[in-house]
Structure formats: structure tokens, C-alpha cells
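Student: Got a structure for you, written out below as C-alpha cells; questions coming shortly.
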Amino acid sequence: MSMKPLVSVICTVYNKAPWLNQTIDSFLNQKTTFPVEILLIDDASTDDSPSIIKYYADCYPEKIRAIYNSSNLGIARTWVKVCKLTKGQYIARCDGDDFWLDNLKLEKQVKLLAETPQSKWCNTDFDIIKPDGEVVIESAFQNEQVVRMDSYEKMLAYKGFTMSSTWLVETKLMLSINETLDLETSDDTFNLQLELFQKTQLITLNDSTTVYRLGYESDSHPVDLEKFIHRHQNLLETQLKFLAKYPDANLHKLSEYLFQEVYSR
């Protein structure tokens, strides 16, 4: 790629072979007025994910960089590692089982951030599907099927969801936050979202640009009861750590959201 990329697309992969072609194709289908690089990092998958990544990297060497972990590092360490390799002004994230619907996703988000200088972080609306592709929910934010996160306090109380596969974040900000990331966390995106809300304003593109695949066992939705309990114990520990880390948070709003969250459960 002759020009420096404006956007670095990062896709972290661990055993995502059934869906990975669709994911990577959705990156390649992006129509932009600026250069884009795609970084595919495999975390020592035991399925065909590495060979799929190699195929695409061989076919598109000018656009795709492939990175292979020799041993399984986990999502947090893998994320921190690959972010350091980026060359773009912005980082776009998409997990290996999700994919982008809108071929103008990146173009729209870069434009939105340019028009909103107070924000260095953008997400979008999204659809939810089952593993077989059946659409469960369209425009999850707009249709109020998923609570829209718009503050640090709401994120901390609800253990919320900004749909990381839609993110576009200024690279310098992401790298600085990564330096503080708990590498043992069971959900790196929860920690990242809390830090991002402390550092910048989230701006949301209301277009549904991305598909979130739900309904099978994953790190964020373990089926095994012990794994489920362990995950939520870790999330509680994260909540308590951030409560102490940022004591100037609005405790009245935080309490209000916590009461609502308990009621909703």
C-alpha cells in the first residue's frame, strides 16, 4: 500500500473458521476514499482459521497482514499485541464471527468523527443473528432491544454493550488505554469501554452497519456454568476496581442505574 492507511481494521480470531470468510469479505468490500489496512491475528486456533487467514493474506498482500500467535495468549493480550502493529490514524475492531453489513461503514464513521471533534470514539447500530444466519433483531439500539450506553456510570452499572465490532477509535487514544488494560480480564471490551468513556465522548452512527452473531458458546456467552460464574465474578471485580479508580464518578447517577439494572433482572 503506497499511502499510509487512515484506518487499521483489526480482527482477532480464535476458532472462528465457520464464519471467518464472511467477516474478512466484509472488510474487503468497504468502499473508502482513504487507504485501509486489515490486520488478522490468530490466537493459536485449533480449527481451520489460520489457513483461511493465510489464504486471504496471500490473495491480498497489499491490504492484509496476517499475525499468528504461537500459543494462545487470550483476547486481552492478543488485542494489545496487534494494536501496536497498526499504522492507521484510527482503529476499527471486528470480531472474527461478526461482519459488516454496510460497505460505507468506515467512510461514514470517519466523516462523523471529523464532524464531531470532541469525540475520538464512534460506534454504530447493529443487527443480531443466530449462528445459522437467521436474523433475530434488527437495529438493536434503535429498537431498544439493547440498552444504549452513553456514559461511564451507565456502562459501569449495566456492564454494558457498545458493540465493539462497530468501533472506530483514534489510534493514539486506544494505545494509551491499552497500557492500563488488565490482561487477565475475562472481557477486555468491558475494561476498554470504561476507560474510553472516561477519556472521550462516544458518538453513535444510527445506521445499522454490523451483524452480531449470538447463540453459541463463546468467551462472552459461556454455556458451562462454572465458566459463566467465573466470568461474572471477574466482571464484578472489574466494577469494584473502577469504582475505586475513578472516585469522582457521579455516584447518584450510578446508583440510579444500578437500581434500574437490578429491577430489570
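A note on labels: chains of the C-alpha cells are A, B, ... as shown, every chain counts residues from 1, and ligands are counted from 1 in their shown order.
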Return as CSV the residues of region 80-168 of chain A lying at most 9 Å from region 237-240 of chain A, together with the closest atom-to-atom pair for each and the distance in Å to one decimal, counting only C-alpha atoms, with rows in chain order and ascending residue number.

Tutor:
residue,atom,partner,partner_atom,distance
A:Leu156,CA,A:Gln239,CA,6.2
A:Ala157,CA,A:Gln239,CA,7.9
A:Lys159,CA,A:Gln239,CA,8.1

Student: With N, CA and C atoms retained, could you export that selection as a compact mmCIF listing (two decimals), in the first residue's frame?

Tutor:
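Writing the result to selection35.txt gives the following:
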# COMPACT_ATOMS: atom_id res chain seq x y z
N LEU A 156 -20.72 1.25 33.76
CA LEU A 156 -20.27 0.56 34.96
C LEU A 156 -21.42 -0.20 35.62
N ALA A 157 -22.58 0.39 35.68
CA ALA A 157 -23.73 -0.23 36.34
C ALA A 157 -24.27 -1.42 35.55
N LYS A 159 -22.79 -3.10 33.09
CA LYS A 159 -21.81 -3.95 32.39
C LYS A 159 -22.17 -3.97 30.90

Student: Among region 132-261 of chain A, which ones does DSSP assign to strand (DSSP E) (computed from the backbone)? Answer as a ChimeraX atom specification.

Tutor: /A:135-137,168-170,202-213

Student: Fewer than 4 positions away in the same chain doesn't count, so skip those; otherwise give me all residues within 7 Å of Ile129 (chain A), counting only C-alpha atoms, as a PDB file with C-alpha atoms, in the first residue's frame.

Tutor:
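Saved result, out_7.pdb, follows:
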ATOM      1  CA  GLY A 133     -27.699 -16.555   9.880  1.00  0.00           C
ATOM      2  CA  GLU A 134     -31.314 -16.129  10.956  1.00  0.00           C
ATOM      3  CA  VAL A 135     -31.976 -12.502  11.899  1.00  0.00           C
ATOM      4  CA  VAL A 136     -33.190 -12.193  15.487  1.00  0.00           C
ATOM      5  CA  ILE A 137     -33.158  -8.407  15.950  1.00  0.00           C
ATOM      6  CA  VAL A 211     -24.075  -8.062  12.401  1.00  0.00           C
ATOM      7  CA  TYR A 212     -23.518  -9.567  15.854  1.00  0.00           C
ATOM      8  CA  ARG A 213     -23.640 -13.355  15.942  1.00  0.00           C
ATOM      9  CA  LEU A 214     -25.306 -14.741  19.062  1.00  0.00           C
TER      10      LEU A 214
END

Student: Just how far from CA of Thr166 (chain A) is CA of Phe27 (chain A), in Å to one decimal?

Tutor: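 Separation of CA of Phe27 (chain A) and CA of Thr166 (chain A): 11.9 Å.
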
Student: Tell me which protein, DNA and RNA residues are within 10 Å of region 56-58 of chain A, counting only C-alpha atoms, leaving out same-chain ones fewer than 3 positions away, and put them as an NGL selection string.

Tutor: :A and (21 or 24-25 or 28 or 38-40 or 51-53 or 61-67)

Student: So how far away is CA of Val7 (chain A) from CA of Ser176 (chain A), in Å?

Tutor: 17.4 Å

Student: At what distance in Å, to one decimal, does CA of Met149 (chain A) lie from CA of Thr171 (chain A)?

Tutor: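 Interatomic distance here is 21.4 Å.
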
Student: Based on DSSP run over this structure's backbone, return all residues of region 86-245 of chain A in alpha helix (DSSP H), as a PyMOL selection string.

Tutor: chain A and resi 105-115+152-158+171-178+188-199+225-245

Student: Leaving out Asp207 (chain A) and any residue of its chain fewer than 3 positions from it, which residues lie within 8 Å of it when counting only C-alpha atoms, given as a list in words?

Tutor: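 Near Asp207 (chain A), the qualifying residues are Thr124, Asp125, Phe126 and Ser139 of chain A.
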
Student: Could you give me, as a list in words, the residues within 7 Å of region 193-199 of chain A, counting only C-alpha atoms and dropping anything in the same chain fewer than 5 positions from it?

Tutor: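 Once the nearby chain positions are removed, what remains is Ser151, Tyr152, Met155, Leu156 and Ile177 of chain A.
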
Student: Measuring atom to atom with only C-alpha atoms, identify which of A:Glu170, A:Cys94, A:Tyr158, A:Lys54 is nearest to Phe259 (chain A).

Tutor: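 Checking each candidate against Phe259 (chain A), we get A:Tyr158 as the closest.
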
Student: What's around Leu85 (chain A) at 10 Å? Count only C-alpha atoms, leave out sequence neighbours fewer than 2 positions away in its own chain, and write the answer as a list in words.

Tutor: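 Returned residues: Ser8, Ile10, Leu39, Arg65, Ile67, Val80, Lys81, Val82, Cys83, Lys87 and Gly88 of chain A.
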